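J.: This one is input16.csv, CSV, C-alpha atoms and all ligand atoms.
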chain,number,residue,atom,x,y,z
A,1,MET,CA,86.2,30.3,30.3
A,2,ASN,CA,82.8,31.9,30.1
A,3,GLU,CA,81.7,29.9,33.1
A,4,LEU,CA,84.7,31.2,35.1
A,5,ASN,CA,83.9,34.8,34.1
A,6,SER,CA,80.3,34.5,35.1
A,7,VAL,CA,81.4,33.0,38.5
A,8,VAL,CA,83.6,36.0,39.1
A,9,ASP,CA,80.8,38.4,38.0
A,10,ASN,CA,78.4,36.6,40.3
A,11,ALA,CA,80.8,36.8,43.2
A,12,LYS,CA,81.4,40.6,42.6
A,13,ALA,CA,77.6,41.2,42.5
A,14,ALA,CA,77.1,39.2,45.7
A,15,PHE,CA,79.8,41.1,47.5
A,16,GLU,CA,78.4,44.4,46.3
A,17,GLN,CA,75.0,43.5,47.8
A,18,ALA,CA,76.5,42.6,51.2
A,19,ARG,CA,75.6,45.5,53.5
A,20,THR,CA,77.4,44.2,56.6
A,21,PRO,CA,80.6,42.3,57.3
A,22,ALA,CA,78.5,39.3,58.3
A,23,ASP,CA,76.6,39.4,55.0
A,24,LEU,CA,80.0,39.6,53.2
A,25,GLU,CA,81.4,36.5,55.0
A,26,ASN,CA,78.2,34.6,54.1
A,27,ALA,CA,78.7,35.6,50.4
A,28,LYS,CA,82.3,34.6,50.5
A,29,ALA,CA,81.4,31.1,51.7
A,30,LEU,CA,79.3,30.7,48.5
A,31,PHE,CA,82.4,31.0,46.4
A,32,LEU,CA,85.5,30.3,48.4
A,33,GLY,CA,84.1,28.2,51.3
A,34,LYS,CA,84.5,24.4,51.6
A,35,SER,CA,81.7,23.7,49.2
A,36,GLY,CA,81.9,27.0,47.4
A,37,ARG,CA,81.9,27.3,43.6
A,38,ILE,CA,85.6,27.7,43.2
A,39,THR,CA,86.4,24.9,45.6
A,40,GLU,CA,83.9,22.6,43.7
A,41,MET,CA,85.7,23.5,40.5
A,42,MET,CA,89.1,22.6,42.0
A,43,LYS,CA,87.7,19.3,43.1
A,44,GLY,CA,86.3,18.7,39.5
A,45,MET,CA,89.9,18.9,38.1
A,46,ALA,CA,90.8,15.4,39.4
A,47,ALA,CA,89.1,13.8,36.4
A,48,LEU,CA,91.0,15.9,33.9
A,49,ALA,CA,94.1,14.9,31.8
A,50,VAL,CA,97.4,16.4,32.9
A,51,ASP,CA,97.5,19.0,30.1
A,52,GLU,CA,94.0,20.1,30.7
A,53,LYS,CA,94.7,20.3,34.5
A,54,LYS,CA,97.5,22.8,34.0
A,55,SER,CA,95.4,25.3,31.9
A,56,ARG,CA,92.2,24.7,33.8
A,57,GLY,CA,94.1,25.1,37.1
A,58,ALA,CA,95.7,28.4,36.0
A,59,ALA,CA,92.3,29.8,34.9
A,60,ILE,CA,90.6,28.8,38.1
A,61,ASN,CA,93.4,30.4,40.1
A,62,LEU,CA,93.0,33.7,38.2
A,63,ALA,CA,89.3,33.6,38.9
A,64,LYS,CA,90.0,32.9,42.5
A,65,GLN,CA,92.4,35.8,42.7
A,66,ALA,CA,89.8,38.1,41.1
A,67,ILE,CA,87.2,37.0,43.6
A,68,GLU,CA,89.6,37.5,46.5
A,69,ALA,CA,90.5,41.0,45.3
A,70,ALA,CA,86.8,41.8,45.0
A,71,LEU,CA,86.2,40.5,48.5
A,72,ASN,CA,89.1,42.5,50.0
A,73,GLY,CA,87.9,45.6,48.2
A,74,ARG,CA,84.4,45.2,49.5
A,75,ARG,CA,85.7,44.5,53.1
A,76,GLN,CA,87.6,47.7,53.0
A,77,ALA,CA,84.6,49.7,51.7
A,78,LEU,CA,82.4,48.3,54.4
A,79,ALA,CA,85.0,49.1,57.1
A,80,ASP,CA,85.4,52.6,55.7
A,81,ALA,CA,81.7,53.2,55.7
A,82,GLU,CA,81.4,52.0,59.3
A,83,LEU,CA,84.2,54.3,60.4
A,84,GLN,CA,82.5,57.2,58.6
A,85,LEU,CA,79.3,56.5,60.4
A,86,GLN,CA,81.1,56.3,63.8
A,87,LEU,CA,82.9,59.6,63.1
A,88,GLN,CA,79.7,61.3,62.2
A,89,ALA,CA,78.0,60.0,65.4
A,90,GLU,CA,80.8,61.2,67.5
A,91,ALA,CA,81.4,64.5,65.7
A,92,LEU,CA,82.4,67.5,67.9
A,93,ASP,CA,81.2,70.8,66.6
A,94,VAL,CA,84.2,72.9,67.6
A,95,SER,CA,82.5,76.0,66.4
A,96,LEU,CA,79.8,75.9,69.2
A,97,PRO,CA,80.4,78.5,71.8
A,98,GLY,CA,81.6,77.1,75.1
A,99,ARG,CA,79.4,76.9,78.1
A,100,GLN,CA,80.1,80.0,80.2
A,101,CYS,CA,80.5,80.2,83.9
A,102,GLY,CA,77.6,82.3,85.2
A,103,GLN,CA,78.8,85.6,86.6
A,104,GLY,CA,77.9,85.9,90.2
A,105,SER,CA,76.3,89.0,91.7
A,106,LEU,CA,76.0,90.3,95.3
A,107,HIS,CA,72.9,89.4,97.2
A,108,PRO,CA,70.3,92.3,97.3
A,109,VAL,CA,70.7,92.5,101.1
A,110,SER,CA,74.5,92.6,100.8
A,111,LEU,CA,74.1,95.4,98.3
A,112,THR,CA,71.8,97.3,100.7
A,113,LEU,CA,74.3,96.8,103.6
A,114,GLU,CA,77.1,98.1,101.4
A,115,ARG,CA,75.0,101.1,100.5
A,116,ILE,CA,74.2,101.8,104.2
A,117,GLU,CA,77.9,101.5,105.1
A,118,ALA,CA,78.9,103.8,102.4
A,119,ILE,CA,76.4,106.5,103.4
A,120,PHE,CA,77.2,106.4,107.1
A,121,GLY,CA,80.9,106.0,106.3
A,122,SER,CA,80.7,109.3,104.5
A,123,MET,CA,79.2,110.9,107.7
A,124,GLY,CA,82.2,109.7,109.7
A,125,PHE,CA,80.7,106.5,111.2
A,126,ASP,CA,82.9,103.5,111.8
A,127,VAL,CA,81.5,100.1,110.7
A,128,ALA,CA,81.7,97.3,113.3
A,129,GLN,CA,80.9,93.6,113.4
A,130,GLY,CA,80.1,91.4,116.3
A,131,PRO,CA,79.1,87.8,117.3
A,132,GLU,CA,75.8,86.3,116.3
A,133,ILE,CA,75.9,84.0,119.3
A,134,GLU,CA,75.6,86.4,122.1
A,135,SER,CA,75.3,86.4,125.9
A,136,ASP,CA,72.3,87.3,127.8
A,137,TRP,CA,74.3,90.2,129.3
A,138,PHE,CA,75.0,92.0,126.0
A,139,ASN,CA,71.7,91.2,124.4
A,140,PHE,CA,69.5,92.2,127.3
A,141,THR,CA,70.9,93.0,130.7
A,142,ALA,CA,73.5,95.6,129.6
A,143,LEU,CA,70.8,97.2,127.5
A,144,ASN,CA,68.7,98.0,130.6
A,145,THR,CA,66.4,95.0,130.2
A,146,PRO,CA,66.2,93.3,133.6
A,147,GLU,CA,65.5,89.6,133.8
A,148,ASP,CA,61.8,89.8,134.4
A,149,HIS,CA,61.2,92.7,131.9
A,150,PRO,CA,58.4,92.1,129.5
A,151,ALA,CA,60.5,93.4,126.6
A,152,ARG,CA,62.4,90.0,126.7
A,153,SER,CA,59.3,88.1,125.7
A,154,MET,CA,58.7,90.6,122.9
A,155,HIS,CA,61.8,89.1,121.3
A,156,ASP,CA,61.0,85.4,121.0
A,157,THR,CA,64.6,84.3,121.6
A,158,PHE,CA,66.4,81.3,120.2
A,159,TYR,CA,68.5,80.0,123.2
A,160,VAL,CA,71.6,78.0,122.4
A,161,GLU,CA,73.9,75.7,124.3
A,162,GLY,CA,76.7,77.1,126.4
A,163,GLY,CA,76.5,79.8,129.1
A,164,THR,CA,74.8,79.1,132.5
A,165,ALA,CA,71.2,79.0,133.6
A,166,SER,CA,71.4,82.5,134.9
A,167,ALA,CA,73.4,83.8,132.0
A,168,PRO,CA,72.4,81.7,128.9
A,169,ASN,CA,73.8,82.1,125.4
A,170,LEU,CA,71.4,83.0,122.6
A,171,LEU,CA,71.3,84.0,119.0
A,172,ARG,CA,71.2,87.8,119.2
A,173,THR,CA,67.7,89.1,118.8
A,174,HIS,CA,68.9,92.5,117.6
A,175,SER,CA,72.1,94.3,116.7
A,176,SER,CA,71.9,96.5,119.8
A,177,PRO,CA,74.4,94.4,121.8
A,178,MET,CA,77.0,95.9,119.5
A,179,GLN,CA,76.4,99.3,121.2
A,180,ILE,CA,77.8,97.9,124.4
A,181,ARG,CA,80.6,95.9,122.8
A,182,TYR,CA,81.9,98.7,120.7
A,183,ALA,CA,81.5,101.5,123.3
A,184,VAL,CA,83.3,99.4,126.0
A,185,GLN,CA,86.3,98.9,123.7
A,186,HIS,CA,86.3,102.6,122.7
A,187,VAL,CA,86.1,103.7,126.3
A,188,LYS,CA,88.9,101.3,127.3
A,189,ARG,CA,91.2,102.6,124.6
A,190,HIS,CA,90.6,106.3,125.4
A,191,ARG,CA,90.6,105.8,129.1
A,192,ALA,CA,94.1,104.4,128.8
A,193,ALA,CA,95.1,107.3,126.5
A,194,ALA,CA,93.8,109.8,129.1
A,195,GLY,CA,96.0,108.2,131.7
A,196,ALA,CA,93.0,106.9,133.6
A,197,GLY,CA,93.6,103.2,132.7
A,198,GLN,CA,93.1,101.5,136.0
A,199,ALA,CA,91.0,104.1,137.7
A,200,PRO,CA,87.8,102.6,139.1
A,201,GLY,CA,84.4,104.0,138.2
A,202,LEU,CA,82.8,105.5,135.2
A,203,PHE,CA,84.9,107.5,132.7
A,204,SER,CA,84.2,111.2,132.6
A,205,GLY,CA,87.4,112.4,131.0
A,206,ASP,CA,87.8,113.5,127.4
A,207,MET,CA,87.5,111.2,124.5
A,208,PRO,CA,86.6,111.4,120.8
A,209,GLU,CA,82.9,110.8,120.1
A,210,ILE,CA,81.6,107.3,119.5
A,211,ARG,CA,80.2,107.1,116.0
A,212,VAL,CA,79.5,103.6,114.7
A,213,ILE,CA,77.1,101.5,112.8
A,214,ALA,CA,77.0,97.7,113.2
A,215,PRO,CA,75.2,95.8,110.5
A,216,GLY,CA,74.6,92.0,110.7
A,217,ARG,CA,72.4,89.0,111.1
A,218,THR,CA,69.9,88.7,113.9
A,219,TYR,CA,67.4,86.0,114.9
A,220,ARG,CA,63.9,85.6,116.3
A,221,VAL,CA,61.3,82.9,116.4
A,222,ASP,CA,59.2,84.5,113.7
A,223,SER,CA,58.2,83.6,110.1
A,224,ASP,CA,55.7,85.2,107.7
A,225,ALA,CA,55.8,87.4,104.6
A,226,THR,CA,57.5,90.2,106.5
A,227,HIS,CA,59.4,88.2,109.1
A,228,SER,CA,62.1,85.6,108.7
A,229,PRO,CA,63.7,83.8,111.7
A,230,MET,CA,67.0,85.1,110.4
A,231,PHE,CA,67.0,88.8,109.4
A,232,HIS,CA,69.3,91.7,109.3
A,233,GLN,CA,69.6,94.8,111.4
A,234,CYS,CA,71.9,97.7,111.4
A,235,GLU,CA,72.6,99.4,114.7
A,236,GLY,CA,73.7,103.0,114.9
A,237,LEU,CA,75.3,104.7,117.9
A,238,TRP,CA,76.5,108.3,118.4
A,239,VAL,CA,77.7,109.2,121.8
A,240,GLY,CA,79.5,112.4,122.8
A,241,GLU,CA,79.3,115.3,125.2
A,242,ASN,CA,76.8,117.3,123.2
A,243,VAL,CA,74.8,115.0,121.0
A,244,SER,CA,71.1,115.5,120.8
A,245,PHE,CA,67.8,114.2,119.3
A,246,LYS,CA,68.2,117.0,116.8
A,247,ASP,CA,71.4,115.3,115.5
A,248,LEU,CA,69.6,112.0,115.3
A,249,LYS,CA,66.8,113.6,113.2
A,250,PHE,CA,69.3,115.3,110.9
A,251,VAL,CA,71.5,112.2,110.4
A,252,PHE,CA,68.7,109.8,109.8
A,253,THR,CA,66.8,112.1,107.5
A,254,ASP,CA,70.0,112.7,105.5
A,255,PHE,CA,70.6,108.9,105.4
A,256,CYS,CA,67.1,108.1,104.2
A,257,ARG,CA,67.1,110.8,101.5
A,258,THR,CA,70.5,109.6,100.2
A,259,PHE,CA,69.6,105.9,100.4
A,260,PHE,CA,66.4,106.3,98.4
A,261,GLU,CA,67.8,109.1,96.3
A,262,SER,CA,64.7,111.3,97.0
A,263,ASP,CA,64.7,114.8,98.5
A,264,ASP,CA,61.0,114.9,99.1
A,265,LEU,CA,61.1,112.0,101.5
A,266,VAL,CA,59.4,112.9,104.8
A,267,LEU,CA,60.3,111.4,108.2
A,268,ARG,CA,58.1,111.0,111.3
A,269,PHE,CA,59.4,110.2,114.8
A,270,ARG,CA,56.6,108.4,116.5
A,271,PRO,CA,56.9,108.0,120.4
A,272,SER,CA,57.5,104.4,121.4
A,273,PHE,CA,59.2,102.3,124.0
A,274,PHE,CA,62.6,100.5,124.2
A,275,PRO,CA,64.3,99.7,127.5
A,276,PHE,CA,67.6,101.0,126.2
A,277,THR,CA,66.4,104.5,125.2
A,278,GLU,CA,64.5,107.3,126.8
A,279,PRO,CA,62.8,108.9,125.1
A,280,SER,CA,62.3,106.4,122.3
A,281,ALA,CA,60.8,106.7,118.9
A,282,GLU,CA,59.9,104.6,115.9
A,283,ILE,CA,61.1,106.2,112.7
A,284,ASP,CA,58.5,106.2,109.8
A,285,ILE,CA,59.2,107.4,106.3
A,286,GLN,CA,56.8,108.6,103.7
A,287,PHE,CA,57.5,108.9,99.9
A,288,GLN,CA,55.8,111.9,98.2
A,289,ASN,CA,56.0,110.2,94.8
A,290,GLY,CA,56.0,106.8,93.3
A,291,PRO,CA,53.9,103.7,94.0
A,292,LEU,CA,54.2,104.0,97.8
A,293,ALA,CA,53.4,107.7,98.0
A,294,GLY,CA,51.4,108.8,101.0
A,295,ARG,CA,51.9,105.7,103.2
A,296,TRP,CA,53.9,105.8,106.4
A,297,LEU,CA,56.5,103.0,106.5
A,298,GLU,CA,58.3,102.0,109.6
A,299,VAL,CA,62.0,101.6,109.0
A,300,ALA,CA,63.8,101.9,112.4
A,301,GLY,CA,63.6,102.2,116.2
A,302,SER,CA,65.6,104.9,117.9
A,303,GLY,CA,66.0,107.0,120.9
A,304,GLN,CA,68.3,108.8,123.3
A,305,VAL,CA,70.6,106.3,125.0
A,306,HIS,CA,69.3,105.5,128.5
A,307,PRO,CA,71.6,106.6,131.3
A,308,ASN,CA,71.9,103.0,132.5
A,309,VAL,CA,73.2,101.9,129.1
A,310,ILE,CA,75.7,104.8,129.1
A,311,ARG,CA,76.8,103.4,132.5
A,312,ASN,CA,77.2,99.9,131.2
A,313,MET,CA,79.4,101.4,128.5
A,314,GLY,CA,81.7,102.6,131.3
A,315,LEU,CA,80.7,106.2,130.8
A,316,GLU,CA,79.5,108.8,133.2
A,317,PRO,CA,75.9,109.8,132.1
A,318,GLU,CA,76.3,113.2,133.6
A,319,LYS,CA,78.9,113.9,131.0
A,320,TYR,CA,78.1,111.6,128.1
A,321,ILE,CA,74.9,111.5,126.1
A,322,GLY,CA,73.9,110.0,122.8
A,323,PHE,CA,71.4,108.5,120.5
A,324,ALA,CA,71.0,105.1,119.0
A,325,PHE,CA,68.9,103.6,116.2
A,326,GLY,CA,68.3,100.1,114.9
A,327,MET,CA,67.0,99.7,111.4
A,328,GLY,CA,66.0,96.8,109.2
A,329,PRO,CA,68.1,96.5,106.0
A,330,ASP,CA,65.8,93.8,104.7
A,331,ARG,CA,62.9,96.2,104.9
A,332,LEU,CA,65.0,98.9,103.2
A,333,ALA,CA,65.9,96.5,100.4
A,334,MET,CA,62.2,95.5,100.0
A,335,LEU,CA,61.3,99.2,99.7
A,336,ARG,CA,64.2,100.1,97.4
A,337,TYR,CA,63.6,97.2,95.0
A,338,GLY,CA,59.8,96.9,95.3
A,339,VAL,CA,59.9,93.3,96.7
A,340,ASN,CA,56.8,92.4,98.7
A,341,ASP,CA,57.8,89.1,100.3
A,342,LEU,CA,60.8,89.1,102.6
A,343,ARG,CA,61.2,85.3,102.3
A,344,LEU,CA,62.2,85.7,98.6
A,345,PHE,CA,65.5,87.1,99.8
A,346,PHE,CA,66.4,84.0,101.7
A,347,ASP,CA,65.0,81.2,99.5
A,348,GLY,CA,68.2,81.1,97.4
A,349,ASP,CA,66.5,81.2,94.0
A,350,ILE,CA,69.2,82.4,91.6
A,351,ARG,CA,66.5,83.6,89.1
A,352,PHE,CA,65.2,86.1,91.7
A,353,LEU,CA,68.6,87.0,93.2
A,354,SER,CA,70.4,87.7,89.9
A,355,GLN,CA,68.1,90.6,89.1
A,356,PHE,CA,69.8,92.9,91.6
A,357,GLN,CA,73.0,94.4,90.3
A,358,SER,CA,73.4,97.6,92.2
A,401,LIG,N1,66.8,96.8,119.0
A,401,LIG,C1,65.5,97.3,118.6
A,401,LIG,C2,64.7,96.2,118.0
A,401,LIG,O1,65.2,95.2,117.6
A,401,LIG,C3,65.6,98.4,117.6
A,401,LIG,C4,66.2,99.7,118.3
A,401,LIG,C5,65.3,100.6,118.8
A,401,LIG,C6,67.5,99.9,118.3
A,401,LIG,C7,65.8,101.7,119.4
A,401,LIG,C8,68.0,101.0,118.9
A,401,LIG,C9,67.2,102.0,119.5
A,401,LIG,O2,69.3,101.3,118.9
A,401,LIG,O3,67.7,103.1,120.0
A,401,LIG,O4,63.5,96.3,117.9
Kindly present the structure from the file in structure tokens form.
T.:
Amino acid sequence: MNELNSVVDNAKAAFEQARTPADLENAKALFLGKSGRITEMMKGMAALAVDEKKSRGAAINLAKQAIEAALNGRRQALADAELQLQLQAEALDVSLPGRQCGQGSLHPVSLTLERIEAIFGSMGFDVAQGPEIESDWFNFTALNTPEDHPARSMHDTFYVEGGTASAPNLLRTHSSPMQIRYAVQHVKRHRAAAGAGQAPGLFSGDMPEIRVIAPGRTYRVDSDATHSPMFHQCEGLWVGENVSFKDLKFVFTDFCRTFFESDDLVLRFRPSFFPFTEPSAEIDIQFQNGPLAGRWLEVAGSGQVHPNVIRNMGLEPEKYIGFAFGMGPDRLAMLRYGVNDLRLFFDGDIRFLSQFQS
């Protein structure tokens, strides 16, 4: 009996030491396998008398059952431990905050365009949009820039497919073609309203003033810290029977002071040349305070609309007169936000772009 007890104890100890299911199966073989201790003992019974066989057999069976119970217990314990490890490894911490979708923001140039539109909108200007692929006629010819005019080469134009050799298509080099597009539609509408729908010739009847801005993308073969091949312009046009340079000065000064939220901003109209205006002026601004104080900064071209351009709008220049300007919203955004390299706006780096919220 003692011998059986110690076999059971040894088996339990061996099973306890097994760290893996494979170890456990090896330990099991030592006791219950073909030449394991219990099996050997069973075989040993052959030599015993019938009486002895009965009691010895019953005792060995008990020992075998005890070993099997210990084996199953240990199997279960190892399986539980393994499951525990797996659960830990795959644990989900449901208390972690979720990954949030970043909140988008408007591009600084879009914010600037919205600001420009709101200010001119409050002064009664319409906002118009036009095509970026433009014809030679709207981009140059209608704006009083004849084919061999040197002003065309000032513009380093991207020509695109379509159109004809004498009237090629191009990426608009400025927003000025919108002057013609918008005015022609305006005149057409009001000519019809005035009952002069089909009448030939330039319109000299009455119509409401043309007051519009046209912001949008423009393109030139140009790239450095202050020029990008794609940039923005915002055109302005005000045409009526009695619109003068004085109105241009007033409107643009008011715009700049509102845009930069600064009453002591000074403007300078510097004589210049554009084929579509006569006289023409560059508009420079000067801050009296802040980091840019005292420097003249060019923000727009402007002028009184040339009579030839008034004609190309379908209007009689003896009756209609106006002024136009073209400004650079990218430049205005750089000044407003203190950005010194234009290309930063168009590199698409979210770290840079997300800094502008208003
Ligand atoms: N289109 C001109 C440019 O891109 C800017 C400009 C100058 C627009 C004078 C105008 C204007 O409307 O009157 O350089």
J.: Calculated over only C-alpha atoms, which of the candidates A:Gly195, A:Pro21, A:Gly104, A:Gly322 has the smallest distance to Gly240 in chain A?
T.: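 The shortest atom-to-atom distance to Gly240 in chain A comes from A:Gly322.
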J.: Enumerate, in order of chain and increasing residue number, the residues of chain A with an atom no farther than 10 Å from ligand LIG 401 (chain A), each with its shortest atom pair and distance in Å to one decimal, counting only C-alpha atoms and all ligand atoms, as JSON lines.
T.:
{"residue": "A:Asn139", "atom": "CA", "partner": "A:LIG401", "partner_atom": "N1", "distance": 9.2}
{"residue": "A:Phe140", "atom": "CA", "partner": "A:LIG401", "partner_atom": "N1", "distance": 9.9}
{"residue": "A:Leu143", "atom": "CA", "partner": "A:LIG401", "partner_atom": "N1", "distance": 9.4}
{"residue": "A:Ala151", "atom": "CA", "partner": "A:LIG401", "partner_atom": "O4", "distance": 9.6}
{"residue": "A:Met154", "atom": "CA", "partner": "A:LIG401", "partner_atom": "O4", "distance": 9.0}
{"residue": "A:His155", "atom": "CA", "partner": "A:LIG401", "partner_atom": "O1", "distance": 7.9}
{"residue": "A:Arg172", "atom": "CA", "partner": "A:LIG401", "partner_atom": "O1", "distance": 9.7}
{"residue": "A:Thr173", "atom": "CA", "partner": "A:LIG401", "partner_atom": "O1", "distance": 6.7}
{"residue": "A:His174", "atom": "CA", "partner": "A:LIG401", "partner_atom": "O1", "distance": 4.6}
{"residue": "A:Ser175", "atom": "CA", "partner": "A:LIG401", "partner_atom": "N1", "distance": 6.3}
{"residue": "A:Ser176", "atom": "CA", "partner": "A:LIG401", "partner_atom": "N1", "distance": 5.2}
{"residue": "A:Pro177", "atom": "CA", "partner": "A:LIG401", "partner_atom": "N1", "distance": 8.4}
{"residue": "A:Met178", "atom": "CA", "partner": "A:LIG401", "partner_atom": "O2", "distance": 9.4}
{"residue": "A:Gln179", "atom": "CA", "partner": "A:LIG401", "partner_atom": "O2", "distance": 7.7}
{"residue": "A:Ile213", "atom": "CA", "partner": "A:LIG401", "partner_atom": "O2", "distance": 9.9}
{"residue": "A:Thr218", "atom": "CA", "partner": "A:LIG401", "partner_atom": "O1", "distance": 8.8}
{"residue": "A:Tyr219", "atom": "CA", "partner": "A:LIG401", "partner_atom": "O1", "distance": 9.8}
{"residue": "A:Arg220", "atom": "CA", "partner": "A:LIG401", "partner_atom": "O1", "distance": 9.8}
{"residue": "A:His232", "atom": "CA", "partner": "A:LIG401", "partner_atom": "O1", "distance": 9.9}
{"residue": "A:Gln233", "atom": "CA", "partner": "A:LIG401", "partner_atom": "O1", "distance": 7.6}
{"residue": "A:Cys234", "atom": "CA", "partner": "A:LIG401", "partner_atom": "C6", "distance": 8.5}
{"residue": "A:Glu235", "atom": "CA", "partner": "A:LIG401", "partner_atom": "O2", "distance": 5.7}
{"residue": "A:Gly236", "atom": "CA", "partner": "A:LIG401", "partner_atom": "O2", "distance": 6.2}
{"residue": "A:Leu237", "atom": "CA", "partner": "A:LIG401", "partner_atom": "O2", "distance": 7.0}
{"residue": "A:Ser272", "atom": "CA", "partner": "A:LIG401", "partner_atom": "C7", "distance": 9.0}
{"residue": "A:Phe273", "atom": "CA", "partner": "A:LIG401", "partner_atom": "C7", "distance": 8.1}
{"residue": "A:Phe274", "atom": "CA", "partner": "A:LIG401", "partner_atom": "C7", "distance": 5.9}
{"residue": "A:Pro275", "atom": "CA", "partner": "A:LIG401", "partner_atom": "C7", "distance": 8.5}
{"residue": "A:Phe276", "atom": "CA", "partner": "A:LIG401", "partner_atom": "O3", "distance": 6.5}
{"residue": "A:Thr277", "atom": "CA", "partner": "A:LIG401", "partner_atom": "O3", "distance": 5.5}
{"residue": "A:Glu278", "atom": "CA", "partner": "A:LIG401", "partner_atom": "O3", "distance": 8.6}
{"residue": "A:Pro279", "atom": "CA", "partner": "A:LIG401", "partner_atom": "O3", "distance": 9.1}
{"residue": "A:Ser280", "atom": "CA", "partner": "A:LIG401", "partner_atom": "C7", "distance": 6.5}
{"residue": "A:Ala281", "atom": "CA", "partner": "A:LIG401", "partner_atom": "C7", "distance": 7.1}
{"residue": "A:Glu282", "atom": "CA", "partner": "A:LIG401", "partner_atom": "C5", "distance": 7.3}
{"residue": "A:Ile283", "atom": "CA", "partner": "A:LIG401", "partner_atom": "C5", "distance": 9.3}
{"residue": "A:Val299", "atom": "CA", "partner": "A:LIG401", "partner_atom": "C3", "distance": 9.9}
{"residue": "A:Ala300", "atom": "CA", "partner": "A:LIG401", "partner_atom": "C3", "distance": 6.5}
{"residue": "A:Gly301", "atom": "CA", "partner": "A:LIG401", "partner_atom": "C5", "distance": 3.5}
{"residue": "A:Ser302", "atom": "CA", "partner": "A:LIG401", "partner_atom": "O3", "distance": 3.5}
{"residue": "A:Gly303", "atom": "CA", "partner": "A:LIG401", "partner_atom": "O3", "distance": 4.3}
{"residue": "A:Gln304", "atom": "CA", "partner": "A:LIG401", "partner_atom": "O3", "distance": 6.6}
{"residue": "A:Val305", "atom": "CA", "partner": "A:LIG401", "partner_atom": "O3", "distance": 6.6}
{"residue": "A:His306", "atom": "CA", "partner": "A:LIG401", "partner_atom": "O3", "distance": 9.0}
{"residue": "A:Gly322", "atom": "CA", "partner": "A:LIG401", "partner_atom": "O3", "distance": 9.7}
{"residue": "A:Phe323", "atom": "CA", "partner": "A:LIG401", "partner_atom": "O3", "distance": 6.6}
{"residue": "A:Ala324", "atom": "CA", "partner": "A:LIG401", "partner_atom": "O3", "distance": 4.0}
{"residue": "A:Phe325", "atom": "CA", "partner": "A:LIG401", "partner_atom": "O2", "distance": 3.6}
{"residue": "A:Gly326", "atom": "CA", "partner": "A:LIG401", "partner_atom": "C6", "distance": 3.5}
{"residue": "A:Met327", "atom": "CA", "partner": "A:LIG401", "partner_atom": "C3", "distance": 6.5}
{"residue": "A:Gly328", "atom": "CA", "partner": "A:LIG401", "partner_atom": "C3", "distance": 8.6}
J.: Extract, using all atoms listed in the file, all DNA, RNA and protein residues at most 12 Å from Gln185 in chain A, discarding same-chain residues fewer than 4 positions from it, and format them as a ChimeraX atom specification.
T.: /A:128,178-181,189-192,210,312-315
J.: Would you compute the distance between CA of Ser166 in chain A and CA of Arg311 in chain A? Give it in Å to one decimal.
T.: 21.7 Å
J.: How many Å lie between CA of Arg211 in chain A and CA of Gly121 in chain A, rounded to one decimal?
T.: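 CA of Gly121 in chain A lies at a distance of 9.8 Å from CA of Arg211 in chain A.
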J.: Quick one: residues within 12 Å of range 30-47 of chain A, all atoms listed in the file counted, chain neighbours fewer than 2 positions away excluded, as a compact mmCIF listing (two decimals) with C-alpha atoms, in the frame of the given file?
T.:
# COMPACT_ATOMS: atom_id res chain seq x y z
CA GLU A 3 81.70 29.90 33.10
CA LEU A 4 84.70 31.20 35.10
CA ASN A 5 83.90 34.80 34.10
CA SER A 6 80.30 34.50 35.10
CA VAL A 7 81.40 33.00 38.50
CA VAL A 8 83.60 36.00 39.10
CA ASP A 9 80.80 38.40 38.00
CA ASN A 10 78.40 36.60 40.30
CA ALA A 11 80.80 36.80 43.20
CA LYS A 12 81.40 40.60 42.60
CA ALA A 13 77.60 41.20 42.50
CA ALA A 14 77.10 39.20 45.70
CA PHE A 15 79.80 41.10 47.50
CA ASP A 23 76.60 39.40 55.00
CA LEU A 24 80.00 39.60 53.20
CA GLU A 25 81.40 36.50 55.00
CA ASN A 26 78.20 34.60 54.10
CA ALA A 27 78.70 35.60 50.40
CA LYS A 28 82.30 34.60 50.50
CA ALA A 49 94.10 14.90 31.80
CA VAL A 50 97.40 16.40 32.90
CA ASP A 51 97.50 19.00 30.10
CA GLU A 52 94.00 20.10 30.70
CA LYS A 53 94.70 20.30 34.50
CA LYS A 54 97.50 22.80 34.00
CA SER A 55 95.40 25.30 31.90
CA ARG A 56 92.20 24.70 33.80
CA GLY A 57 94.10 25.10 37.10
CA ALA A 58 95.70 28.40 36.00
CA ALA A 59 92.30 29.80 34.90
CA ILE A 60 90.60 28.80 38.10
CA ASN A 61 93.40 30.40 40.10
CA LEU A 62 93.00 33.70 38.20
CA ALA A 63 89.30 33.60 38.90
CA LYS A 64 90.00 32.90 42.50
CA GLN A 65 92.40 35.80 42.70
CA ALA A 66 89.80 38.10 41.10
CA ILE A 67 87.20 37.00 43.60
CA GLU A 68 89.60 37.50 46.50
CA ALA A 70 86.80 41.80 45.00
CA LEU A 71 86.20 40.50 48.50
J.: Taking all atoms listed in the file into account, name the residue in A:Ile310, A:Leu267, A:Gly130, A:Phe255 that is nearest to Glu298 in chain A.
T.: A:Leu267
J.: Just to confirm, what's the straight-line distance from CA of Asp136 in chain A to CA of Glu316 in chain A in Å (one decimal)?
T.: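 Between these atoms lies a distance of 23.3 Å.
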J.: Restricting the calculation to all atoms listed in the file, which member of A:Leu292, A:Ser244, A:Leu113, A:Asn144 is positioned closest to Asn340 in chain A?
T.: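 When distances to Asn340 in chain A are compared using all atoms listed in the file, the smallest one comes from A:Leu292.
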J.: Got a sec: who's within 10 Å of Leu265 in chain A, counting all atoms listed in the file, leaving out chain neighbours fewer than 2 positions off, as a list in words?
T.: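 Here the answer would be Thr253, Asp254, Cys256, Arg257, Thr258, Phe260, Glu261, Ser262, Asp263, Leu267, Ile285, Gln286, Phe287, Gln288, Asn289 and Ala293 of chain A.
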